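Student: Structure file protein_18.txt, compact mmCIF, C-alpha atoms and all ligand atoms, is pasted below:
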# COMPACT_ATOMS: atom_id res chain seq x y z
CA VAL J 1 0.00 0.00 0.00
CA SER J 2 1.51 3.35 -0.98
CA PRO J 3 1.51 5.96 1.79
CA ALA J 4 -1.06 8.74 1.71
CA PRO J 5 0.11 11.67 -0.41
CA LEU J 6 1.38 14.83 1.26
CA ARG J 7 -1.38 17.39 0.70
CA VAL J 8 -0.27 20.96 -0.07
CA ALA J 9 -2.58 23.97 -0.45
CA PHE J 10 -1.60 27.37 -1.85
CA TYR J 11 -3.14 30.64 -0.63
CA GLY J 12 -2.43 33.54 -2.97
CA ALA J 13 -2.98 32.66 -6.61
CA GLY J 14 -0.02 34.63 -7.98
CA GLN J 15 3.26 33.87 -9.60
CA VAL J 16 4.92 31.94 -6.75
CA ALA J 17 1.88 29.74 -6.25
CA ALA J 18 1.60 29.00 -9.98
CA ASN J 19 5.30 28.11 -10.36
CA ALA J 20 5.71 26.13 -7.14
CA SER J 21 2.47 24.20 -7.60
CA GLU J 22 3.54 23.28 -11.13
CA ILE J 23 6.74 21.74 -9.76
CA LEU J 24 4.84 19.84 -7.08
CA ARG J 25 2.11 18.54 -9.40
CA ASP J 26 4.83 16.62 -11.28
CA ARG J 27 6.02 14.85 -8.13
CA THR J 28 4.70 11.56 -6.90
CA GLY J 29 3.40 11.39 -3.36
CA ILE J 30 2.22 15.01 -3.36
CA GLU J 31 -1.30 16.28 -3.93
CA VAL J 32 -1.73 19.99 -4.68
CA VAL J 33 -4.90 21.79 -3.65
CA GLY J 34 -5.62 25.25 -5.06
CA ALA J 35 -4.11 27.74 -5.72
CA PHE J 36 -6.77 29.67 -3.85
CA GLY J 37 -7.23 33.38 -4.52
CA ARG J 38 -8.24 36.22 -2.25
CA GLY J 39 -11.93 35.20 -2.12
CA GLU J 40 -11.19 31.61 -1.13
CA ARG J 41 -9.46 32.20 2.20
CA ALA J 42 -11.53 29.70 4.18
CA ALA J 43 -10.96 26.90 1.67
CA ALA J 44 -7.22 27.55 1.61
CA LEU J 45 -6.53 28.07 5.28
CA GLY J 46 -9.16 25.87 6.89
CA SER J 47 -8.51 22.76 4.83
CA GLY J 48 -6.25 21.06 7.39
CA VAL J 49 -3.91 19.81 4.66
CA ASP J 50 -0.37 18.81 5.60
CA VAL J 51 1.22 22.06 4.37
CA VAL J 52 -0.35 25.42 3.54
CA VAL J 53 1.82 27.76 1.45
CA ILE J 54 0.87 31.40 1.96
CA ALA J 55 2.22 33.45 -0.96
CA THR J 56 0.34 36.72 -0.77
CA THR J 57 2.30 39.66 0.65
CA SER J 58 5.68 40.55 2.16
CA PHE J 59 4.60 41.89 5.52
CA LEU J 60 4.20 39.78 8.61
CA ARG J 61 1.28 41.78 9.96
CA ASP J 62 -0.65 41.02 6.75
CA VAL J 63 -0.13 37.26 6.97
CA ALA J 64 -0.12 36.70 10.75
CA ASP J 65 -3.85 35.92 11.00
CA ASP J 66 -3.65 33.71 7.92
CA ILE J 67 -0.76 31.73 9.41
CA GLU J 68 -2.60 31.32 12.70
CA THR J 69 -5.81 30.19 10.99
CA ALA J 70 -3.96 27.52 9.02
CA ILE J 71 -2.11 26.33 12.13
CA GLN J 72 -5.35 26.13 14.10
CA ALA J 73 -6.70 23.87 11.34
CA GLY J 74 -3.71 21.58 11.89
CA SER J 75 -1.51 22.55 8.91
CA ASN J 76 2.20 23.27 8.77
CA VAL J 77 2.76 26.66 7.13
CA ILE J 78 5.31 27.95 4.67
CA THR J 79 5.05 31.62 3.78
CA THR J 80 6.98 33.68 1.23
CA ALA J 81 6.42 36.86 3.27
CA GLU J 82 9.96 38.19 3.55
CA GLU J 83 9.42 39.44 7.10
CA ALA J 84 8.52 35.91 8.20
CA ALA J 85 11.97 34.51 7.43
CA PHE J 86 13.18 35.78 10.82
CA PRO J 87 10.23 37.37 12.66
CA TRP J 88 11.76 37.88 16.10
CA ALA J 89 13.66 41.12 15.50
CA GLU J 90 10.81 43.33 14.33
CA HIS J 91 7.68 41.39 15.27
CA ALA J 92 8.63 39.59 18.46
CA ALA J 93 5.12 39.56 19.95
CA ILE J 94 3.49 38.10 16.82
CA ALA J 95 6.29 35.54 16.50
CA ALA J 96 5.97 34.46 20.13
CA ARG J 97 2.18 34.11 19.90
CA ILE J 98 2.23 32.09 16.69
CA ASP J 99 5.14 29.96 17.89
CA LEU J 100 3.10 29.02 20.95
CA VAL J 101 0.02 28.07 18.92
CA ALA J 102 2.16 26.06 16.50
CA ARG J 103 3.74 24.08 19.35
CA ASP J 104 0.31 23.50 20.85
CA ARG J 105 -0.98 22.16 17.50
CA ASN J 106 2.30 20.26 16.87
CA VAL J 107 2.94 21.95 13.51
CA SER J 108 5.71 24.20 12.20
CA VAL J 109 5.98 27.56 10.44
CA LEU J 110 8.69 28.66 8.02
CA GLY J 111 9.32 31.83 6.02
CA THR J 112 11.35 31.03 2.94
CA GLY J 113 11.99 31.55 -0.76
CA LEU J 114 15.15 32.38 -2.68
CA ASN J 115 15.82 35.74 -1.03
CA PRO J 116 15.30 35.50 1.91
CA GLY J 117 15.47 31.75 2.44
CA PHE J 118 18.49 30.75 0.37
CA ALA J 119 20.82 33.25 -1.36
CA PHE J 120 21.72 35.44 1.63
CA ASP J 121 21.26 32.88 4.41
CA ALA J 122 20.90 29.11 3.87
CA LEU J 123 23.54 29.00 1.14
CA VAL J 124 25.81 31.35 3.10
CA LEU J 125 25.60 29.10 6.15
CA THR J 126 26.36 26.05 4.01
CA VAL J 127 29.50 27.74 2.67
CA THR J 128 30.66 28.53 6.22
CA GLY J 129 30.82 24.75 6.68
CA ILE J 130 34.34 24.80 5.19
CA CYS J 131 35.53 27.61 7.47
CA ALA J 132 37.09 27.15 10.90
CA THR J 133 36.17 30.69 11.96
CA VAL J 134 34.14 33.35 10.19
CA ARG J 135 35.37 36.92 10.71
CA ALA J 136 33.04 38.72 8.27
CA LEU J 137 30.73 38.09 5.32
CA ARG J 138 29.98 39.87 2.07
CA VAL J 139 27.19 38.75 -0.27
CA GLU J 140 26.40 40.48 -3.55
CA ARG J 141 23.67 39.72 -6.04
CA VAL J 142 22.97 41.22 -9.45
CA VAL J 143 19.40 40.27 -10.29
CA ASP J 144 17.13 40.56 -13.33
CA LEU J 145 13.86 42.01 -12.00
CA SER J 146 11.90 41.69 -15.26
CA GLY J 147 10.03 38.56 -14.19
CA PHE J 148 8.12 40.09 -11.28
CA GLY J 149 4.41 40.94 -11.58
CA THR J 150 3.12 44.51 -11.34
CA ALA J 151 2.26 44.48 -7.62
CA VAL J 152 5.70 43.25 -6.55
CA SER J 153 7.51 45.46 -9.12
CA ARG J 154 5.78 48.61 -7.87
CA ARG J 155 6.33 47.74 -4.22
CA ILE J 156 10.06 47.19 -4.73
CA GLY J 157 10.35 50.50 -6.61
CA ILE J 158 10.06 50.03 -10.37
CA GLY J 159 8.46 52.60 -12.70
CA PHE J 160 8.66 55.75 -10.53
CA ALA J 161 9.87 59.26 -11.29
CA ALA J 162 12.84 60.42 -9.17
CA GLY J 163 10.75 62.40 -6.68
CA GLU J 164 8.14 59.66 -6.30
CA PHE J 165 10.86 57.08 -5.66
CA ALA J 166 12.50 59.18 -2.96
CA GLU J 167 9.17 59.94 -1.30
CA GLY J 168 8.04 56.28 -1.57
CA CYS J 169 11.23 55.13 0.14
CA ARG J 170 10.78 57.70 2.90
CA SER J 171 7.15 56.72 3.53
CA GLY J 172 7.81 52.97 3.31
CA ARG J 173 5.49 52.49 0.32
CA ILE J 174 8.57 51.55 -1.72
CA THR J 175 10.67 48.95 0.05
CA GLY J 176 13.27 47.86 -2.47
CA HIS J 177 13.86 44.14 -2.33
CA MET J 178 12.93 42.93 1.15
CA GLY J 179 14.40 40.39 3.54
CA PHE J 180 18.03 41.43 4.05
CA PRO J 181 17.83 42.13 7.80
CA GLN J 182 15.99 38.83 8.17
CA SER J 183 18.70 36.90 6.25
CA MET J 184 21.45 38.58 8.26
CA ARG J 185 19.76 37.68 11.52
CA ILE J 186 19.23 34.05 10.42
CA VAL J 187 22.96 33.76 9.76
CA ALA J 188 23.93 35.64 12.93
CA SER J 189 21.67 33.54 15.09
CA ALA J 190 23.00 30.30 13.61
CA LEU J 191 26.63 31.40 14.03
CA GLY J 192 26.05 32.71 17.56
CA VAL J 193 26.75 36.35 16.64
CA SER J 194 24.84 39.30 18.05
CA ILE J 195 24.21 42.13 15.54
CA ASP J 196 24.22 45.62 17.07
CA ARG J 197 23.00 47.68 14.12
CA ILE J 198 21.93 47.28 10.48
CA ASP J 199 22.32 50.30 8.15
CA ARG J 200 20.53 50.53 4.84
CA THR J 201 20.86 52.58 1.65
CA ILE J 202 18.92 52.42 -1.61
CA GLU J 203 19.69 54.33 -4.82
CA PRO J 204 17.51 54.35 -7.92
CA ILE J 205 18.69 53.42 -11.41
CA PHE J 206 16.75 55.28 -14.12
CA ALA J 207 15.77 53.92 -17.52
CA ARG J 208 17.65 55.55 -20.41
CA GLU J 209 15.14 54.24 -22.95
CA THR J 210 11.66 52.72 -22.92
CA ILE J 211 11.74 49.22 -21.44
CA GLU J 212 8.87 46.73 -21.71
CA THR J 213 8.73 43.79 -19.33
CA ALA J 214 6.00 41.14 -19.25
CA SER J 215 4.11 43.20 -16.66
CA MET J 216 5.23 46.84 -17.14
CA ARG J 217 6.25 49.55 -19.57
CA ILE J 218 8.93 51.81 -18.11
CA GLU J 219 9.49 55.20 -19.72
CA PRO J 220 12.89 56.91 -19.92
CA GLY J 221 13.68 58.70 -16.67
CA ALA J 222 11.57 56.33 -14.54
CA THR J 223 13.16 53.80 -12.19
CA ALA J 224 14.18 50.56 -13.90
CA GLY J 225 16.18 49.25 -10.97
CA PHE J 226 18.04 50.12 -7.80
CA ARG J 227 21.18 49.46 -5.79
CA GLN J 228 20.62 48.39 -2.20
CA ARG J 229 23.19 47.94 0.50
CA TYR J 230 22.66 46.60 3.99
CA VAL J 231 25.50 46.61 6.48
CA ALA J 232 25.29 44.73 9.77
CA HIS J 233 27.67 45.86 12.49
CA VAL J 234 28.95 44.02 15.51
CA GLY J 235 30.29 46.73 17.76
CA ASP J 236 32.11 49.15 15.44
CA SER J 237 33.04 46.47 12.91
CA VAL J 238 31.24 45.53 9.72
CA TRP J 239 30.21 41.91 10.10
CA PHE J 240 27.85 41.26 7.16
CA GLU J 241 27.59 43.38 4.04
CA ALA J 242 24.72 42.60 1.68
CA SER J 243 24.55 44.25 -1.71
CA PHE J 244 21.70 43.82 -4.17
CA ILE J 245 21.62 45.37 -7.63
CA GLY J 246 18.30 44.77 -9.36
CA HIS J 247 17.29 45.93 -12.82
CA VAL J 248 14.53 44.98 -15.25
CA ALA J 249 17.03 44.89 -18.14
CA PRO J 250 20.45 44.46 -16.53
CA LEU J 251 22.36 44.17 -19.81
CA LEU J 252 21.30 47.73 -20.75
CA GLU J 253 23.39 48.86 -17.77
CA GLY J 254 26.25 46.49 -18.60
CA LEU J 255 25.28 44.31 -15.64
CA GLU J 256 25.47 40.52 -15.77
CA THR J 257 23.39 38.59 -13.28
CA ARG J 258 25.55 36.84 -10.73
CA ASP J 259 25.76 36.00 -7.05
CA GLU J 260 28.89 36.14 -4.95
CA ILE J 261 29.43 34.98 -1.40
CA ALA J 262 32.77 36.08 0.07
CA ILE J 263 33.75 34.90 3.53
CA ASP J 264 36.59 36.48 5.45
CA ALA J 265 38.06 33.36 7.00
CA THR J 266 41.43 31.59 7.00
CA PRO J 267 41.79 30.84 4.16
CA PRO J 268 39.23 33.21 2.59
CA VAL J 269 36.40 31.61 0.59
CA THR J 270 34.54 33.00 -2.41
CA VAL J 271 31.64 31.23 -4.14
CA VAL J 272 30.16 32.65 -7.35
CA THR J 273 27.11 31.54 -9.28
CA SER J 274 27.06 32.76 -12.85
CA PRO J 275 24.64 33.48 -14.36
CA GLY J 276 22.95 34.46 -11.13
CA MET J 277 20.09 32.60 -9.52
CA ASN J 278 16.74 33.24 -11.19
CA SER J 279 14.30 34.91 -8.81
CA GLN J 280 11.13 33.29 -10.12
CA SER J 281 12.23 29.71 -10.78
CA GLY J 282 14.59 29.75 -7.80
CA SER J 283 11.93 30.86 -5.33
CA ALA J 284 9.39 28.40 -6.68
CA ALA J 285 11.91 25.57 -6.33
CA VAL J 286 12.87 26.50 -2.77
CA ILE J 287 9.17 26.53 -1.81
CA ALA J 288 8.46 23.22 -3.57
CA ASN J 289 11.60 21.71 -2.03
CA SER J 290 10.54 22.85 1.43
CA VAL J 291 7.18 21.11 1.77
CA ARG J 292 8.64 17.76 2.85
CA ARG J 293 11.15 19.30 5.23
CA ILE J 294 8.53 21.45 6.98
CA ALA J 295 6.17 18.48 7.27
CA ALA J 296 8.96 16.52 9.00
CA ALA J 297 10.23 19.40 11.16
CA PRO J 298 9.82 19.85 14.92
CA ALA J 299 6.92 22.05 16.04
CA GLY J 300 7.17 25.83 16.33
CA TRP J 301 8.33 28.80 14.28
CA LEU J 302 11.55 27.80 12.51
CA THR J 303 14.06 29.39 10.15
CA VAL J 304 15.87 27.79 7.25
CA ALA J 305 18.87 27.41 9.58
CA ASP J 306 16.88 24.94 11.71
CA LEU J 307 16.11 22.63 8.81
CA PRO J 308 18.09 20.25 6.60
CA PRO J 309 18.92 21.80 3.20
CA ALA J 310 16.14 22.12 0.65
CA ILE J 311 16.71 19.37 -1.91
CA ALA J 312 15.06 18.70 -5.25
CA ARG J 313 12.82 15.86 -4.22
N1 LIG H 1 11.17 35.00 0.19
C1 LIG H 1 11.31 35.09 -1.12
O1 LIG H 1 12.37 34.82 -1.66
C2 LIG H 1 10.13 35.44 -1.98
C3 LIG H 1 10.08 34.92 -3.27
C4 LIG H 1 9.01 35.24 -4.07
C5 LIG H 1 8.00 36.07 -3.60
N2 LIG H 1 8.09 36.57 -2.36
C6 LIG H 1 6.99 37.43 -1.84
O2 LIG H 1 5.81 36.65 -1.83
C7 LIG H 1 4.69 37.44 -2.18
C8 LIG H 1 3.95 36.80 -3.34
O3 LIG H 1 4.77 36.84 -4.51
P1 LIG H 1 4.16 36.63 -5.98
O4 LIG H 1 5.28 36.89 -6.92
O5 LIG H 1 3.45 35.35 -6.05
O6 LIG H 1 3.13 37.85 -6.02
P2 LIG H 1 1.88 38.04 -6.99
O7 LIG H 1 2.13 37.39 -8.31
O8 LIG H 1 1.56 39.49 -6.92
O9 LIG H 1 0.71 37.19 -6.29
C9 LIG H 1 0.19 37.50 -5.03
C10 LIG H 1 -1.16 36.83 -4.87
O10 LIG H 1 -1.61 37.02 -3.55
C11 LIG H 1 -2.86 37.75 -3.56
N3 LIG H 1 -2.82 38.70 -2.44
C12 LIG H 1 -2.08 39.80 -2.31
N4 LIG H 1 -2.29 40.38 -1.11
C13 LIG H 1 -3.19 39.60 -0.48
C14 LIG H 1 -3.81 39.65 0.80
N5 LIG H 1 -3.52 40.64 1.66
N6 LIG H 1 -4.69 38.68 1.12
C15 LIG H 1 -4.96 37.68 0.27
N7 LIG H 1 -4.40 37.57 -0.95
C16 LIG H 1 -3.53 38.53 -1.32
C17 LIG H 1 -2.92 38.43 -4.90
O11 LIG H 1 -4.27 38.65 -5.23
P3 LIG H 1 -4.70 39.88 -6.16
O12 LIG H 1 -4.15 39.56 -7.52
O13 LIG H 1 -6.17 39.87 -6.04
O14 LIG H 1 -4.05 41.11 -5.59
C18 LIG H 1 -2.25 37.37 -5.79
O15 LIG H 1 -3.14 36.31 -6.07
C19 LIG H 1 5.24 38.84 -2.50
O16 LIG H 1 5.05 39.69 -1.39
C20 LIG H 1 6.71 38.59 -2.76
O17 LIG H 1 7.51 39.73 -2.42
C21 LIG H 1 9.12 36.27 -1.54
As structure tokens, what does this structure read like?
Ligand SMILES: NC(=O)c1ccc[n+]([C@@H]2O[C@H](COP(=O)([O-])OP(=O)(O)OC[C@H]3O[C@@H](n4cnc5c(N)ncnc54)[C@H](OP(=O)(O)O)[C@@H]3O)[C@@H](O)[C@H]2O)c1
Tutor:
Amino acid sequence: VSPAPLRVAFYGAGQVAANASEILRDRTGIEVVGAFGRGERAAALGSGVDVVVIATTSFLRDVADDIETAIQAGSNVITTAEEAAFPWAEHAAIAARIDLVARDRNVSVLGTGLNPGFAFDALVLTVTGICATVRALRVERVVDLSGFGTAVSRRIGIGFAAGEFAEGCRSGRITGHMGFPQSMRIVASALGVSIDRIDRTIEPIFARETIETASMRIEPGATAGFRQRYVAHVGDSVWFEASFIGHVAPLLEGLETRDEIAIDATPPVTVVTSPGMNSQSGSAAVIANSVRRIAAAPAGWLTVADLPPAIAR
């Protein structure tokens, strides 16, 4: 008798759900339910399936009730909300409450994807496996942003005039790519390091010509990308530097997509992926490759550092 399939439901019928569910539908031993859109919340979250994937928004406050509802129904939860990758720094009360409910229901919660969830944290930690001592870390990504849908593109800062971009960043309406503080804290926590301060800068890159992506038309002078830098300090020293250059048409700026992890250790270690990891297919794969590990994980709110590596199975 073959074992019962692992049942996985998707809430949020967007790009991540479409791509990750397509991967899972091809796998034996997994049954995909949904994806469920905005109007089908009860069906998605109340189903009591083995794993509910919540792929709706980036902000923990927006998904907290959804996570709790799915947990109460007895499901493990994976969410792509960037703030959920390490919730304790900025949302300690929500994290503590949901962690308690998850333990009570004997299920687990994980925030993951490619970034956060892999490129700036899980993979970095894996690379530290060949280091005796880690003094400092630098991770840089150059990313093609053309594959994102309109909602995500606008939220990260694409298609704005200079003044709008600056104002959006000030007000928090424009976030740039999210998840860097969370990744840094996942790595710090796993390595037993205490971060004192994280500084952040973001600079726009303006289109020099009209650029059409699958979801947007960007006129000359509007933002087509940005350079982000996050620097985590321990005392007065830089401990983790994260740099992210995103553009909807990187080659127009002479940029080639790539990822580099450089570890200041003895001897120093540098790992490069070239071309760089693809945001859409990479995130979908990490989510698909996480359903079995979250179903097998101990109860509570976990990070990718608590789990075995995501593998393509
Ligand atoms: N950690 C990572 O590496 C990673 C990777 C990929 C994505 N993400 C994040 O995951 C989220 C989803 O990404 P995506 O590319 O799939 O986005 P998307 O294509 O825009 O899809 C989002 C889906 O969720 C729905 N939705 C949005 N807000 C909702 C809410 N408050 N309640 C219920 N449903 C809601 C949308 O419905 P409507 O169409 O009706 O608005 C849409 O069906 C984004 O915030 C993205 O930044 C993180």
Student: Can you tell me which residues surround region 237-251 of chain J at a distance of at most 7 Å, considering all atoms listed in the file, apart from same-chain residues fewer than 2 positions away, and format the answer as a VMD selection string?
Tutor: chain J and resid 136 to 146 224 to 235 253 to 256
Student: Given the choices J:Pro275, J:Gly34, J:Pro3, J:Gly111, which gets closest to Val77 (chain J) if the distance is worked out from only C-alpha atoms?
Tutor: J:Gly111
Student: Which residue out of J:Glu167, J:Glu40, J:Asp26, J:Asp62 has the minimum interatomic distance to Glu83 (chain J) when all atoms listed in the file are used?
Tutor: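 Of all the options, J:Asp62 lies closest to Glu83 (chain J).
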Student: Around ligand LIG 1 (chain H), out to 7 Å and counting only C-alpha atoms and all ligand atoms, which residues are there? I want them as a ChimeraX atom specification.
Tutor: /J:12-17,37-38,55-58,62,80-82,111-117,148-152,279-280,283
Student: Quote the spacing between CA of Ser183 (chain J) and CA of Ser281 (chain J) in Å to one decimal place.
Tutor: 19.6 Å
Student: Val187 (chain J): which residues within 12 Å, counting only C-alpha atoms, same-chain residues fewer than 2 positions away excluded, as a ChimeraX atom specification?
Tutor: /J:85-86,116-128,134,136-137,139,180-185,189-195,232,239-240,303-306
Student: Which is closer to Asn278 (chain J) than all the others in J:Glu164, J:Leu307, J:Gly147, J:Arg200, using only C-alpha atoms?
Tutor: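 Between J:Glu164, J:Leu307, J:Gly147, J:Arg200, the residue approaching Asn278 (chain J) most closely is J:Gly147.
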Student: Which distance in Å separates CA of Ile311 (chain J) and CA of Asp50 (chain J), to one decimal?
Tutor: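 Computing the Euclidean distance for CA of Ile311 (chain J) and CA of Asp50 (chain J) yields 18.7 Å.
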Student: Around all the atoms of region 54-59 of chain J listed in the file, draw an axis-aligned box and extend it by 3 Å on each of the six sides; I want its centre and edge lengths in Å to one decimal, as lines of an AutoDock Vina configuration file.
Tutor:
center_x = 3.0
center_y = 36.6
center_z = 2.3
size_x = 11.3
size_y = 16.5
size_z = 12.5
Student: Rounded to one decimal place, report the CA of Val51 (chain J)-CA of Arg155 (chain J) distance in Å.
Tutor: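 Spanning CA of Val51 (chain J) to CA of Arg155 (chain J) is a straight-line distance of 27.6 Å.
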Student: List the neighbours of Ser47 (chain J) out to 8 Å using only C-alpha atoms; skip same-chain residues closer than 3 positions along the sequence, and give me the result as a list in words.
Tutor: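 In the requested format, the answer is Ala42, Ala43, Ala44, Ala70 and Ala73 of chain J.
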Student: Could you check which of J:Glu212, J:Val291, J:Leu302, J:Met277 is closest to Ser21 (chain J), using all atoms listed in the file?
Tutor: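 Selected residue with least distance to Ser21 (chain J): J:Val291.
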Student: Choose the residue, out of J:Leu60, J:Ile156, J:Asp104, J:Arg208, that has the smallest atom-to-atom separation from His91 (chain J); count all atoms listed in the file.
Tutor: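 Among J:Leu60, J:Ile156, J:Asp104, J:Arg208, it is J:Leu60 that comes nearest to His91 (chain J).
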Student: Between J:Arg313, J:Ile94, J:Asp66, J:Trp88, single out the one closest to Ala285 (chain J), counting all atoms listed in the file.
Tutor: J:Arg313
Student: Arg105 (chain J): which residues within 7 Å, counting only C-alpha atoms, same-chain residues fewer than 6 positions away excluded, as a list of chain:residue names?
Tutor: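 The filter keeps J:Ile71, J:Gln72, J:Gly74.
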Student: Quick one: everything within 10 Å of Pro267 (chain J), counting all atoms listed in the file, minus sequence neighbours fewer than 5 positions away in the same chain. Send it as a PyMOL selection string.
Tutor: chain J and resi 130-133
Student: Quick one: region 257-302 of chain J with C-alpha atoms, as a PDB file, in the first residue's frame?
Tutor:
ATOM      1  CA  THR J 257      23.394  38.594 -13.276  1.00  0.00           C
ATOM      2  CA  ARG J 258      25.552  36.839 -10.730  1.00  0.00           C
ATOM      3  CA  ASP J 259      25.760  35.997  -7.047  1.00  0.00           C
ATOM      4  CA  GLU J 260      28.886  36.135  -4.949  1.00  0.00           C
ATOM      5  CA  ILE J 261      29.429  34.981  -1.396  1.00  0.00           C
ATOM      6  CA  ALA J 262      32.767  36.075   0.067  1.00  0.00           C
ATOM      7  CA  ILE J 263      33.754  34.905   3.529  1.00  0.00           C
ATOM      8  CA  ASP J 264      36.591  36.477   5.454  1.00  0.00           C
ATOM      9  CA  ALA J 265      38.063  33.361   6.999  1.00  0.00           C
ATOM     10  CA  THR J 266      41.429  31.592   7.003  1.00  0.00           C
ATOM     11  CA  PRO J 267      41.789  30.839   4.162  1.00  0.00           C
ATOM     12  CA  PRO J 268      39.227  33.207   2.590  1.00  0.00           C
ATOM     13  CA  VAL J 269      36.398  31.609   0.588  1.00  0.00           C
ATOM     14  CA  THR J 270      34.536  32.996  -2.414  1.00  0.00           C
ATOM     15  CA  VAL J 271      31.642  31.234  -4.141  1.00  0.00           C
ATOM     16  CA  VAL J 272      30.161  32.646  -7.348  1.00  0.00           C
ATOM     17  CA  THR J 273      27.107  31.539  -9.283  1.00  0.00           C
ATOM     18  CA  SER J 274      27.062  32.763 -12.851  1.00  0.00           C
ATOM     19  CA  PRO J 275      24.639  33.485 -14.364  1.00  0.00           C
ATOM     20  CA  GLY J 276      22.950  34.463 -11.128  1.00  0.00           C
ATOM     21  CA  MET J 277      20.089  32.601  -9.518  1.00  0.00           C
ATOM     22  CA  ASN J 278      16.739  33.237 -11.193  1.00  0.00           C
ATOM     23  CA  SER J 279      14.296  34.914  -8.808  1.00  0.00           C
ATOM     24  CA  GLN J 280      11.131  33.287 -10.117  1.00  0.00           C
ATOM     25  CA  SER J 281      12.233  29.706 -10.781  1.00  0.00           C
ATOM     26  CA  GLY J 282      14.588  29.751  -7.795  1.00  0.00           C
ATOM     27  CA  SER J 283      11.929  30.865  -5.330  1.00  0.00           C
ATOM     28  CA  ALA J 284       9.395  28.399  -6.682  1.00  0.00           C
ATOM     29  CA  ALA J 285      11.905  25.569  -6.331  1.00  0.00           C
ATOM     30  CA  VAL J 286      12.865  26.498  -2.769  1.00  0.00           C
ATOM     31  CA  ILE J 287       9.168  26.529  -1.812  1.00  0.00           C
ATOM     32  CA  ALA J 288       8.465  23.218  -3.566  1.00  0.00           C
ATOM     33  CA  ASN J 289      11.605  21.712  -2.027  1.00  0.00           C
ATOM     34  CA  SER J 290      10.538  22.847   1.431  1.00  0.00           C
ATOM     35  CA  VAL J 291       7.180  21.112   1.771  1.00  0.00           C
ATOM     36  CA  ARG J 292       8.639  17.764   2.847  1.00  0.00           C
ATOM     37  CA  ARG J 293      11.152  19.302   5.234  1.00  0.00           C
ATOM     38  CA  ILE J 294       8.527  21.454   6.979  1.00  0.00           C
ATOM     39  CA  ALA J 295       6.167  18.477   7.265  1.00  0.00           C
ATOM     40  CA  ALA J 296       8.960  16.518   8.995  1.00  0.00           C
ATOM     41  CA  ALA J 297      10.234  19.402  11.164  1.00  0.00           C
ATOM     42  CA  PRO J 298       9.821  19.853  14.916  1.00  0.00           C
ATOM     43  CA  ALA J 299       6.922  22.052  16.045  1.00  0.00           C
ATOM     44  CA  GLY J 300       7.170  25.834  16.329  1.00  0.00           C
ATOM     45  CA  TRP J 301       8.333  28.796  14.275  1.00  0.00           C
ATOM     46  CA  LEU J 302      11.554  27.804  12.508  1.00  0.00           C
TER      47      LEU J 302
END
